[in-house]
file entry_15.cif (mmCIF, C-alpha atoms)
data_final
#
loop_
_atom_site.label_atom_id
_atom_site.label_comp_id
_atom_site.auth_asym_id
_atom_site.auth_seq_id
_atom_site.Cartn_x
_atom_site.Cartn_y
_atom_site.Cartn_z
CA MET A 1 -5.09 -17.73 -5.63
CA LYS A 2 -6.05 -20.85 -7.55
CA LYS A 3 -3.77 -23.84 -7.09
CA LYS A 4 -3.54 -24.49 -10.78
CA GLN A 5 -2.73 -21.71 -13.18
CA LYS A 6 -4.24 -21.89 -16.64
CA LYS A 7 -1.96 -22.96 -19.40
CA VAL A 8 0.19 -20.21 -20.80
CA ALA A 9 -0.96 -18.82 -24.14
CA LYS A 10 0.70 -20.45 -27.13
CA LYS A 11 4.04 -19.06 -28.18
CA THR A 12 4.18 -16.76 -31.14
CA ALA A 13 4.51 -18.21 -34.61
CA LYS A 14 7.89 -19.58 -35.61
CA LYS A 15 10.08 -17.52 -37.86
CA VAL A 16 9.77 -18.35 -41.52
CA ALA A 17 12.71 -20.46 -42.68
CA LYS A 18 15.05 -18.67 -45.00
CA LYS A 19 14.90 -19.84 -48.59
CA LYS A 20 18.02 -21.30 -50.10
CA VAL A 21 19.56 -19.05 -52.71
CA THR A 22 21.13 -20.76 -55.73
CA ARG A 23 24.03 -18.96 -57.34
CA LYS A 24 23.67 -18.16 -61.03
CA ALA A 25 26.19 -16.80 -63.49
CA PRO A 26 26.07 -13.00 -63.47
CA LYS A 27 24.08 -11.51 -66.33
CA LYS A 28 24.94 -8.28 -68.04
CA THR A 29 21.32 -7.15 -68.00
CA ALA A 30 20.37 -4.70 -65.28
CA SER A 31 19.16 -6.47 -62.16
CA ARG A 32 15.79 -5.63 -60.76
CA ALA A 33 15.74 -3.96 -57.34
CA LYS A 34 14.22 -6.15 -54.65
CA ARG A 35 10.99 -4.87 -53.27
CA PRO A 36 10.95 -4.48 -49.48
CA VAL A 37 8.78 -7.06 -47.78
CA ALA A 38 6.12 -5.48 -45.61
CA PRO A 39 6.17 -6.79 -42.01
CA THR A 40 3.32 -9.01 -40.94
CA LEU A 41 0.86 -7.88 -38.26
CA LEU A 42 2.51 -10.23 -35.77
CA GLU A 43 5.97 -8.83 -36.57
CA THR A 44 4.69 -5.27 -36.18
CA LYS A 45 3.13 -6.08 -32.82
CA ARG A 46 6.26 -7.85 -31.60
CA ALA A 47 8.48 -4.93 -32.61
CA ASP A 48 6.25 -2.60 -30.57
CA LEU A 49 6.73 -4.52 -27.31
CA ALA A 50 10.12 -3.05 -26.42
CA GLY A 51 12.33 -0.14 -27.36
CA PRO A 52 10.40 2.85 -26.00
CA GLY A 53 10.36 6.11 -27.89
CA VAL A 54 9.19 7.39 -31.26
CA GLY A 55 11.96 5.68 -33.27
CA THR A 56 13.40 8.26 -35.68
CA TYR A 57 14.06 11.98 -35.45
CA GLU A 58 12.08 12.53 -38.64
CA GLU A 59 9.08 11.17 -36.71
CA VAL A 60 9.94 13.25 -33.63
CA GLU A 61 9.90 16.38 -35.77
CA LYS A 62 6.46 15.45 -37.06
CA VAL A 63 4.91 14.80 -33.64
CA LEU A 64 6.20 17.88 -31.80
CA PRO A 65 3.58 20.67 -31.76
CA LYS A 66 4.11 23.34 -34.40
CA ASP A 67 2.23 26.11 -32.58
CA TYR A 68 3.92 25.69 -29.19
CA ARG A 69 4.71 28.43 -26.73
CA SER A 70 5.57 27.67 -23.11
CA ILE A 71 3.07 29.17 -20.67
CA LEU A 72 5.68 29.56 -17.92
CA ASN A 73 9.21 30.89 -18.31
CA ASN A 74 12.19 28.89 -17.08
CA MET A 75 12.26 30.27 -13.53
CA GLU A 76 8.48 30.09 -13.12
CA THR A 77 8.70 26.49 -14.32
CA MET A 78 11.19 25.61 -11.58
CA LYS A 79 9.08 27.27 -8.87
CA ALA A 80 5.94 25.52 -10.07
CA LEU A 81 7.80 22.20 -10.41
CA TYR A 82 8.99 22.19 -6.80
CA ALA A 83 5.56 23.24 -5.55
CA VAL A 84 4.04 20.26 -7.40
CA LYS A 85 6.80 17.99 -6.08
CA LYS A 86 6.04 18.85 -2.47
CA TYR A 87 2.27 18.57 -3.00
CA ILE A 88 2.57 15.09 -4.52
CA GLU A 89 5.04 13.78 -1.93
CA ASP A 90 2.83 15.04 0.91
CA GLY A 91 -0.27 13.66 -0.82
CA LEU A 92 1.20 10.19 -1.35
CA ALA A 93 2.36 10.12 2.27
CA ARG A 94 -1.16 10.97 3.42
CA GLU A 95 -3.16 8.74 1.04
CA LEU A 96 -0.92 5.66 1.11
CA ASN A 97 0.72 6.06 4.55
CA LEU A 98 4.26 6.38 3.15
CA GLN A 99 7.46 7.76 4.65
CA MET A 100 10.13 9.36 2.45
CA VAL A 101 13.44 7.46 2.73
CA GLN A 102 16.87 7.51 1.10
CA VAL A 103 17.32 5.35 -2.00
CA PRO A 104 20.44 3.97 -3.72
CA LEU A 105 21.78 5.23 -7.02
CA ILE A 106 24.22 2.30 -7.17
CA VAL A 107 23.74 -1.41 -6.40
CA GLU A 108 25.96 -4.49 -6.68
CA ARG A 109 25.43 -6.53 -9.83
CA GLU A 110 25.41 -9.82 -7.93
CA SER A 111 22.61 -8.70 -5.60
CA GLY A 112 19.90 -9.04 -8.26
CA MET A 113 18.44 -5.76 -6.96
CA ASN A 114 18.57 -3.81 -10.22
CA ASP A 115 15.50 -3.44 -12.39
CA ASN A 116 15.80 -5.19 -15.76
CA LEU A 117 12.73 -3.26 -17.00
CA ASP A 118 11.88 -5.81 -19.69
CA ARG A 119 12.46 -9.55 -19.82
CA ASP A 120 14.01 -9.62 -23.30
CA GLY A 121 17.38 -8.16 -22.26
CA SER A 122 17.01 -5.11 -24.52
CA ARG A 123 17.75 -2.54 -21.80
CA THR A 124 20.84 -3.13 -19.70
CA PRO A 125 22.24 -1.04 -16.81
CA VAL A 126 25.42 1.02 -16.76
CA GLU A 127 28.17 -1.03 -15.04
CA PHE A 128 31.55 -0.04 -13.64
CA PRO A 129 34.19 -1.37 -11.20
CA CYS A 130 34.04 0.48 -7.88
CA GLY A 131 36.38 0.85 -4.92
CA LEU A 132 39.95 2.08 -5.20
CA GLY A 133 42.57 -0.15 -3.57
CA ILE A 134 40.37 -3.24 -3.10
CA SER A 135 40.63 -6.52 -4.95
CA PRO A 136 38.41 -7.62 -6.46
CA ARG A 137 36.65 -4.31 -7.04
CA ILE A 138 32.90 -4.08 -6.52
CA ASN A 139 30.83 -4.83 -9.63
CA ALA A 140 28.61 -1.76 -9.43
CA GLN A 141 25.54 -0.88 -11.47
CA ILE A 142 23.61 2.38 -11.69
CA VAL A 143 19.98 1.58 -10.96
CA GLN A 144 17.41 1.63 -13.75
CA ALA A 145 14.74 1.85 -11.03
CA ALA A 146 14.54 1.00 -7.34
CA THR A 147 11.71 -1.48 -7.92
CA LYS A 148 13.22 -4.51 -6.20
CA TRP A 149 15.28 -2.63 -3.62
CA LYS A 150 12.11 -1.07 -2.19
CA ARG A 151 10.59 -4.40 -1.22
CA TRP A 152 13.73 -5.31 0.67
CA ALA A 153 13.79 -1.80 2.18
CA LEU A 154 10.34 -2.36 3.73
CA LYS A 155 12.01 -4.94 5.94
CA GLN A 156 15.06 -2.73 6.54
CA PHE A 157 12.87 0.12 7.80
CA GLY A 158 10.60 -2.13 9.84
CA CYS A 159 7.38 -1.34 7.99
CA LYS A 160 4.24 -3.11 9.23
CA VAL A 161 1.10 -4.00 7.26
CA GLY A 162 -0.42 -0.81 5.85
CA GLU A 163 2.85 1.12 6.13
CA GLY A 164 5.25 1.94 3.32
CA ILE A 165 8.04 4.05 1.91
CA ASN A 166 8.44 6.59 -0.87
CA THR A 167 11.67 7.66 -2.56
CA ASP A 168 12.98 10.51 -4.71
CA MET A 169 14.60 8.05 -7.09
CA ARG A 170 17.15 8.89 -9.80
CA ALA A 171 18.27 6.41 -12.44
CA VAL A 172 20.01 6.03 -15.80
CA ARG A 173 18.48 4.13 -18.72
CA LYS A 174 21.03 4.29 -21.50
CA ASP A 175 19.08 2.17 -23.98
CA TYR A 176 16.15 4.52 -24.53
CA PHE A 177 15.56 6.28 -27.82
CA LEU A 178 15.82 9.94 -26.79
CA ASP A 179 12.71 11.78 -27.91
CA HIS A 180 10.22 14.22 -26.34
CA ASP A 181 9.21 12.03 -23.39
CA HIS A 182 12.05 9.49 -23.05
CA SER A 183 15.48 10.39 -21.70
CA ALA A 184 18.51 8.56 -20.36
CA TYR A 185 17.96 10.37 -17.04
CA VAL A 186 15.02 9.09 -15.01
CA ASP A 187 13.36 10.64 -11.96
CA GLN A 188 10.54 8.82 -10.20
CA TRP A 189 8.59 8.65 -7.01
CA ASP A 190 9.34 4.99 -6.35
CA TRP A 191 7.06 3.75 -3.54
CA GLU A 192 6.29 0.44 -1.84
CA LYS A 193 3.82 -0.67 0.85
CA VAL A 194 3.35 -3.79 3.00
CA ILE A 195 0.09 -5.69 2.37
CA THR A 196 -1.55 -8.95 3.48
CA ALA A 197 -2.31 -12.05 1.42
CA GLU A 198 -5.99 -11.00 1.47
CA ASP A 199 -5.06 -7.67 -0.16
CA ARG A 200 -3.74 -9.44 -3.24
CA ASN A 201 -6.80 -8.78 -5.40
CA LEU A 202 -7.98 -6.44 -8.15
CA GLU A 203 -10.15 -4.26 -5.91
CA TYR A 204 -7.23 -3.47 -3.60
CA LEU A 205 -5.13 -2.62 -6.66
CA LYS A 206 -7.85 -0.32 -8.03
CA ASP A 207 -8.40 1.36 -4.66
CA THR A 208 -4.67 2.16 -4.47
CA VAL A 209 -4.68 3.54 -8.01
CA ARG A 210 -7.65 5.80 -7.18
CA LYS A 211 -5.75 7.26 -4.22
CA ILE A 212 -2.75 8.04 -6.44
CA TRP A 213 -5.03 9.58 -9.06
CA LYS A 214 -6.62 11.79 -6.40
CA VAL A 215 -3.16 13.16 -5.57
CA ILE A 216 -2.25 13.81 -9.22
CA THR A 217 -5.51 15.60 -10.06
CA GLY A 218 -5.22 17.55 -6.82
CA ALA A 219 -1.72 18.64 -7.82
CA GLU A 220 -3.08 19.93 -11.14
CA GLU A 221 -5.67 22.13 -9.38
CA PHE A 222 -3.08 23.26 -6.82
CA VAL A 223 -0.53 24.46 -9.38
CA GLN A 224 -3.26 26.24 -11.35
CA GLU A 225 -4.13 28.24 -8.23
CA LEU A 226 -0.49 29.34 -8.08
CA TYR A 227 -0.27 30.00 -11.83
CA PRO A 228 -3.80 30.66 -13.19
CA GLN A 229 -2.44 30.96 -16.75
CA LEU A 230 -1.97 27.16 -16.73
CA LYS A 231 -5.75 26.80 -16.85
CA ASP A 232 -5.88 27.12 -20.61
CA PRO A 233 -8.97 26.13 -22.66
CA ARG A 234 -6.69 24.45 -25.20
CA TYR A 235 -5.57 21.99 -22.54
CA PRO A 236 -8.47 20.36 -20.63
CA ASN A 237 -7.86 19.30 -17.04
CA LEU A 238 -7.59 15.64 -16.11
CA PRO A 239 -10.88 13.87 -15.37
CA LYS A 240 -11.65 13.19 -11.72
CA GLU A 241 -12.41 9.54 -12.47
CA LEU A 242 -9.91 7.14 -13.99
CA ALA A 243 -11.19 4.41 -16.32
CA PHE A 244 -10.07 0.83 -15.58
CA ILE A 245 -9.70 -1.56 -18.49
CA HIS A 246 -7.88 -4.86 -18.95
CA ALA A 247 -5.27 -5.35 -21.66
CA GLU A 248 -7.35 -8.25 -23.05
CA GLU A 249 -10.33 -5.93 -23.52
CA ILE A 250 -8.18 -3.41 -25.39
CA LEU A 251 -6.95 -6.17 -27.70
CA GLU A 252 -10.55 -7.21 -28.37
CA MET A 253 -11.38 -3.61 -29.30
CA TYR A 254 -8.35 -3.10 -31.57
CA PRO A 255 -7.09 -6.58 -32.60
CA ASP A 256 -5.24 -5.35 -35.70
CA LEU A 257 -3.18 -2.66 -33.98
CA PRO A 258 0.16 -2.89 -32.13
CA ARG A 259 0.24 -1.93 -28.47
CA LYS A 260 1.04 1.81 -28.65
CA GLN A 261 -1.57 2.37 -31.35
CA ARG A 262 -4.15 0.48 -29.27
CA GLU A 263 -3.39 2.73 -26.31
CA THR A 264 -3.65 5.85 -28.47
CA ARG A 265 -7.05 4.87 -29.88
CA LEU A 266 -8.27 3.97 -26.40
CA LEU A 267 -7.37 7.41 -25.04
CA GLN A 268 -8.92 9.16 -28.03
CA GLU A 269 -12.13 7.13 -28.23
CA VAL A 270 -12.89 5.70 -24.77
CA ALA A 271 -11.39 7.84 -22.00
CA PRO A 272 -8.58 10.44 -21.76
CA ALA A 273 -7.18 8.80 -18.61
CA VAL A 274 -7.00 5.04 -18.04
CA PHE A 275 -5.42 2.37 -15.89
CA ILE A 276 -4.54 -0.63 -18.06
CA ILE A 277 -4.61 -3.85 -16.02
CA GLY A 278 -2.70 -7.04 -16.78
CA ILE A 279 0.63 -6.11 -18.39
CA GLY A 280 3.03 -9.00 -18.92
CA TYR A 281 0.93 -12.14 -19.45
CA PRO A 282 0.44 -13.31 -23.08
CA LEU A 283 -2.89 -12.09 -24.45
CA LYS A 284 -5.13 -13.95 -26.88
CA ASP A 285 -2.91 -13.00 -29.83
CA GLY A 286 0.02 -14.78 -28.14
CA LEU A 287 1.86 -11.58 -27.17
CA PRO A 288 1.89 -9.68 -23.87
CA HIS A 289 0.68 -6.08 -23.84
CA GLU A 290 4.27 -5.20 -22.90
CA MET A 291 7.39 -7.19 -21.95
CA ARG A 292 7.24 -6.50 -18.20
CA ALA A 293 10.09 -7.96 -16.13
CA ALA A 294 9.36 -11.29 -14.45
CA ASP A 295 10.57 -10.66 -10.90
CA TYR A 296 8.51 -7.89 -9.34
CA ASP A 297 4.94 -7.24 -10.60
CA ASP A 298 2.57 -10.22 -10.46
CA TRP A 299 1.22 -10.49 -14.00
CA ILE A 300 0.51 -14.22 -14.04
CA THR A 301 -2.18 -14.60 -11.35
CA ASP A 302 -5.51 -15.72 -12.81
CA THR A 303 -8.07 -12.97 -12.21
CA SER A 304 -10.96 -14.58 -14.11
CA HIS A 305 -13.02 -15.12 -10.94
CA TRP A 306 -13.03 -11.34 -10.40
CA THR A 307 -13.54 -10.19 -14.00
CA GLY A 308 -15.76 -12.96 -15.36
CA LYS A 309 -13.41 -13.18 -18.36
CA GLU A 310 -10.18 -14.98 -19.12
CA THR A 311 -7.75 -12.47 -17.58
CA HIS A 312 -4.46 -12.45 -15.71
CA GLY A 313 -2.38 -9.96 -13.77
CA LEU A 314 -2.42 -7.77 -10.65
CA ASN A 315 -0.56 -4.84 -12.17
CA GLY A 316 -0.96 -2.03 -14.66
CA ASP A 317 -0.09 1.43 -16.01
CA ILE A 318 -1.68 4.87 -15.73
CA LEU A 319 -1.87 6.48 -19.18
CA VAL A 320 -3.39 9.82 -20.18
CA TRP A 321 -3.93 11.83 -23.32
CA ASN A 322 -1.50 14.74 -23.37
CA PRO A 323 -3.28 17.72 -25.00
CA VAL A 324 0.01 19.58 -25.60
CA THR A 325 1.86 16.82 -27.45
CA ARG A 326 -1.40 15.26 -28.66
CA ARG A 327 -0.05 11.83 -27.82
CA ARG A 328 -0.40 9.02 -25.28
CA HIS A 329 1.47 9.84 -22.08
CA GLU A 330 2.43 7.25 -19.46
CA LEU A 331 2.57 8.51 -15.87
CA SER A 332 2.95 5.43 -13.70
CA SER A 333 3.63 1.71 -13.68
CA MET A 334 2.67 -0.28 -10.59
CA GLY A 335 1.38 -3.55 -9.24
CA ILE A 336 0.95 -6.09 -6.49
CA ARG A 337 4.25 -7.92 -6.21
CA VAL A 338 5.03 -11.58 -6.82
CA THR A 339 4.78 -14.32 -4.22
CA LYS A 340 7.35 -17.09 -4.21
CA GLU A 341 4.94 -19.21 -6.27
CA THR A 342 4.23 -16.58 -8.93
CA LEU A 343 7.88 -15.54 -9.05
CA ARG A 344 8.88 -19.06 -10.03
CA MET A 345 6.11 -19.33 -12.63
CA GLN A 346 6.97 -15.98 -14.22
CA LEU A 347 10.70 -16.71 -14.32
CA GLU A 348 9.96 -20.08 -15.89
CA MET A 349 7.79 -18.44 -18.55
CA ALA A 350 10.56 -15.90 -19.22
CA GLY A 351 13.27 -18.58 -19.36
CA GLN A 352 15.07 -16.99 -16.42
CA LEU A 353 14.92 -19.59 -13.64
CA ASP A 354 18.66 -19.12 -13.13
CA ARG A 355 17.84 -15.84 -11.35
CA LEU A 356 16.45 -17.80 -8.42
CA SER A 357 20.07 -18.13 -7.27
CA LEU A 358 20.42 -14.34 -6.79
CA PRO A 359 20.18 -12.95 -3.23
CA TYR A 360 17.03 -10.88 -3.85
CA HIS A 361 15.16 -13.77 -5.42
CA ARG A 362 16.30 -16.19 -2.70
CA MET A 363 14.84 -13.85 -0.08
CA ILE A 364 11.43 -14.03 -1.77
CA MET A 365 11.62 -17.83 -2.08
CA ASN A 366 12.56 -18.11 1.61
CA ASP A 367 9.67 -15.85 2.75
CA GLU A 368 12.15 -13.27 4.09
CA LEU A 369 10.47 -10.29 2.40
CA PRO A 370 6.95 -8.96 3.10
CA LEU A 371 4.10 -9.13 0.62
CA SER A 372 3.81 -5.73 -1.01
CA ILE A 373 2.35 -3.41 -3.59
CA GLY A 374 4.41 -0.71 -5.24
CA GLY A 375 5.14 1.37 -8.29
CA GLY A 376 6.90 4.27 -9.89
CA ILE A 377 5.40 7.64 -10.83
CA GLY A 378 7.44 9.56 -13.38
CA GLN A 379 8.33 12.95 -11.96
CA GLY A 380 9.42 14.58 -15.21
CA ARG A 381 6.42 13.11 -17.03
CA THR A 382 4.08 14.49 -14.35
CA TYR A 383 5.65 17.97 -14.39
CA MET A 384 5.56 17.95 -18.19
CA LEU A 385 1.82 17.19 -18.16
CA LEU A 386 0.72 19.52 -15.37
CA LEU A 387 2.88 22.47 -16.46
CA ARG A 388 1.77 22.09 -20.11
CA LYS A 389 5.21 21.36 -21.53
CA ALA A 390 6.01 19.79 -24.91
CA HIS A 391 9.32 18.16 -23.95
CA LEU A 392 10.91 16.46 -20.95
CA GLY A 393 13.94 18.68 -21.42
CA GLU A 394 11.88 21.66 -20.24
CA VAL A 395 11.56 20.17 -16.75
CA THR A 396 14.72 18.03 -16.44
CA VAL A 397 18.40 18.56 -17.26
CA THR A 398 20.22 15.78 -19.10
CA VAL A 399 21.98 14.95 -22.37
CA TRP A 400 20.16 15.14 -25.71
CA PRO A 401 21.50 14.61 -29.23
CA LYS A 402 22.35 17.70 -31.28
CA ARG A 403 19.69 16.74 -33.82
CA LEU A 404 16.99 16.86 -31.13
CA HIS A 405 18.17 20.27 -29.89
CA GLU A 406 17.90 21.60 -33.44
CA ILE A 407 14.40 20.17 -33.87
CA CYS A 408 13.26 21.67 -30.57
CA GLU A 409 14.59 25.10 -31.51
CA LYS A 410 12.56 24.97 -34.73
CA HIS A 411 9.45 24.20 -32.66
CA ASN A 412 10.07 27.00 -30.14
CA ILE A 413 10.89 24.51 -27.35
CA TYR A 414 13.62 25.56 -24.95
CA VAL A 415 15.50 22.48 -23.69
CA LEU A 416 17.35 23.08 -20.42
CA LYS A 417 21.13 22.62 -20.63
#

call {"tool": "encode", "arguments": {"input": "entry_15.cif", "output": "structure tokens"}}
result
Amino acid sequence: MKKKQKKVAKKTAKKVAKKKVTRKAPKKTASRAKRPVAPTLLETKRADLAGPGVGTYEEVEKVLPKDYRSILNNMETMKALYAVKKYIEDGLARELNLQMVQVPLIVERESGMNDNLDRDGSRTPVEFPCGLGISPRINAQIVQAATKWKRWALKQFGCKVGEGINTDMRAVRKDYFLDHDHSAYVDQWDWEKVITAEDRNLEYLKDTVRKIWKVITGAEEFVQELYPQLKDPRYPNLPKELAFIHAEEILEMYPDLPRKQRETRLLQEVAPAVFIIGIGYPLKDGLPHEMRAADYDDWITDTSHWTGKETHGLNGDILVWNPVTRRRHELSSMGIRVTKETLRMQLEMAGQLDRLSLPYHRMIMNDELPLSIGGGIGQGRTYMLLLRKAHLGEVTVTVWPKRLHEICEKHNIYVLK
């Protein structure tokens, strides 16, 4: 890695100062209604960085398919789901040399182990006091993901270079907008693997992504052998090859669109399955592709010497076009993890240097944790895609608002209760 990192992209434009309003004597004439001010392109892009989900239930009703009919019934869905689950877990173990291990649902707040998801503080974990009869009680948090715990767990389980772990992770994310592919209940294959300093490059990242993609496309063919009716001409199979593209390149292609719209156009016009590289570092428009947390994925490392362009980041997301919902569909987020140098730089950029005092972060700064690569693959999202479902609630059981249940009934979608 280069000794000197390039200067961080300029911060976004300052907010326009509010105009002073002078009070006037009230007039008897009817006042004119103020016209709503349309948001600027920058404001639209910034609003799209966080807060996953469609946004309103009027929009959800519009995007859900109107001609939907589930190919599998509820019991067939469960049988197919668990067949896919076993295939993927066995495939990841084989391709990435991973061992399934137990994973926590609860961590201590002071450990710094919980996943903050974004760096803007918009999604916070569920907290509660734990431990009857002890004082003080444990400050417990339900995990939002096992992202940081896994790196520590590599040491706990004695993993050597080239070895890793996989988990059947469950989490709660209470600050999601609950739509067709976002729920408060999260299930992921959260995996992590020990690497060397020499492995910290884009080609190693891409090679790992290709192995994961091989497992996912293999799972699609496998479940279609069990249930041939899933091979439906309306819903094309996933391509064998995944396209790799950097977030900077996507911005160059669609400079006037916010992030989700850029991704949608990319999947419609370039490739139906992509791995977007470099999520977290400010792009040329001054905004990151997404507000990735600052203390696990390395999104600040300069990768220009590999790409021949001004690029940063050793991480990314797998996105596909979902032919059932006719929308972008994220399957996985992953990356090569921070070193002690890049951790400090990312926390400084995020204004979170105070986190260096937390136990997890201290372990990285003291070289007590191995270098690693890791990620999360959404289980419900994967089942939803491969089993040709229109809603996460068809493959997972959780809470949904009454309004969403009513909308799903109108669209012939049976949400599990």

call {"tool": "residues_around", "arguments": {"input": "entry_15.cif", "residues": "range 311-326 of chain A", "least_positions_apart": "5", "cutoff": "6 Å", "atoms": "all atoms listed in the file", "output": "MDAnalysis selection string"}}
result
chainID A and resid 235 267 272:279 298:304 331:336 390

call {"tool": "resolve_selection", "arguments": {"input": "entry_15.cif", "expression": "the PyMOL selection byres ((chain A and resi 384) around 10)", "output": "number ranges by chain"}}
result
A: 77, 81, 181, 322, 324, 329, 378-383, 385-396

call {"tool": "resolve_selection", "arguments": {"input": "entry_15.cif", "expression": "the PyMOL selection byres ((chain A and resi 118-124) around 12)", "output": "number ranges by chain"}}
result
A: 46-47, 49-52, 109, 114-117, 125-127, 141-145, 172-177, 184, 279-281, 288-297, 346-352, 355

call {"tool": "closest_atom_pairs", "arguments": {"input": "entry_15.cif", "of": "range 165-264 of chain A", "to": "range 99-104 of chain A", "cutoff": "12 Å", "atoms": "all atoms listed in the file", "output": "JSON lines"}}
result
{"residue": "A:Ile165", "atom": "CA", "partner": "A:Gln99", "partner_atom": "CA", "distance": 4.6}
{"residue": "A:Asn166", "atom": "CA", "partner": "A:Met100", "partner_atom": "CA", "distance": 4.6}
{"residue": "A:Thr167", "atom": "CA", "partner": "A:Met100", "partner_atom": "CA", "distance": 5.5}
{"residue": "A:Asp168", "atom": "CA", "partner": "A:Val103", "partner_atom": "CA", "distance": 7.3}
{"residue": "A:Met169", "atom": "CA", "partner": "A:Val103", "partner_atom": "CA", "distance": 6.4}
{"residue": "A:Arg170", "atom": "CA", "partner": "A:Pro104", "partner_atom": "CA", "distance": 8.5}
{"residue": "A:Ala171", "atom": "CA", "partner": "A:Pro104", "partner_atom": "CA", "distance": 9.3}
{"residue": "A:Asp187", "atom": "CA", "partner": "A:Val103", "partner_atom": "CA", "distance": 12.0}
{"residue": "A:Gln188", "atom": "CA", "partner": "A:Val103", "partner_atom": "CA", "distance": 11.2}
{"residue": "A:Trp189", "atom": "CA", "partner": "A:Met100", "partner_atom": "CA", "distance": 9.6}
{"residue": "A:Asp190", "atom": "CA", "partner": "A:Val103", "partner_atom": "CA", "distance": 9.1}
{"residue": "A:Trp191", "atom": "CA", "partner": "A:Met100", "partner_atom": "CA", "distance": 8.8}
{"residue": "A:Glu192", "atom": "CA", "partner": "A:Gln99", "partner_atom": "CA", "distance": 9.9}
{"residue": "A:Lys193", "atom": "CA", "partner": "A:Gln99", "partner_atom": "CA", "distance": 9.9}

call {"tool": "atom_distance", "arguments": {"input": "entry_15.cif", "atom1": "CA of Asp232 in chain A", "atom2": "CA of Arg69 in chain A"}}
result
12.3 Å

call {"tool": "resolve_selection", "arguments": {"input": "entry_15.cif", "expression": "the PyMOL selection byres ((chain A and resi 66) around 9)", "output": "list in words"}}
result
Lys62, Val63, Leu64, Pro65, Asp67, Tyr68, Lys410, His411 and Asn412 of chain A

call {"tool": "closest_atom_pairs", "arguments": {"input": "entry_15.cif", "of": "range 103-219 of chain A", "to": "range 237-241 of chain A", "cutoff": "9 Å", "atoms": "all atoms listed in the file", "output": "CSV"}}
result
residue,atom,partner,partner_atom,distance
A:Arg210,CA,A:Glu241,CA,8.0
A:Trp213,CA,A:Lys240,CA,8.0
A:Lys214,CA,A:Lys240,CA,7.5
A:Ile216,CA,A:Leu238,CA,8.9
A:Thr217,CA,A:Leu238,CA,6.4

call {"tool": "write_last_selection", "arguments": {"input": "entry_15.cif", "atoms": "C-alpha atoms", "output": "PDB file, keeping the file's coordinate frame"}}
result
ATOM      1  CA  ARG A 210      -7.650   5.800  -7.180  1.00  0.00           C
ATOM      2  CA  TRP A 213      -5.030   9.580  -9.060  1.00  0.00           C
ATOM      3  CA  LYS A 214      -6.620  11.790  -6.400  1.00  0.00           C
ATOM      4  CA  ILE A 216      -2.250  13.810  -9.220  1.00  0.00           C
ATOM      5  CA  THR A 217      -5.510  15.600 -10.060  1.00  0.00           C
TER       6      THR A 217
END

call {"tool": "atom_distance", "arguments": {"input": "entry_15.cif", "atom1": "CA of Pro236 in chain A", "atom2": "CA of Ala271 in chain A"}}
result
12.9 Å

call {"tool": "atom_distance", "arguments": {"input": "entry_15.cif", "atom1": "CA of Glu341 in chain A", "atom2": "CA of Ile364 in chain A"}}
result
9.4 Å
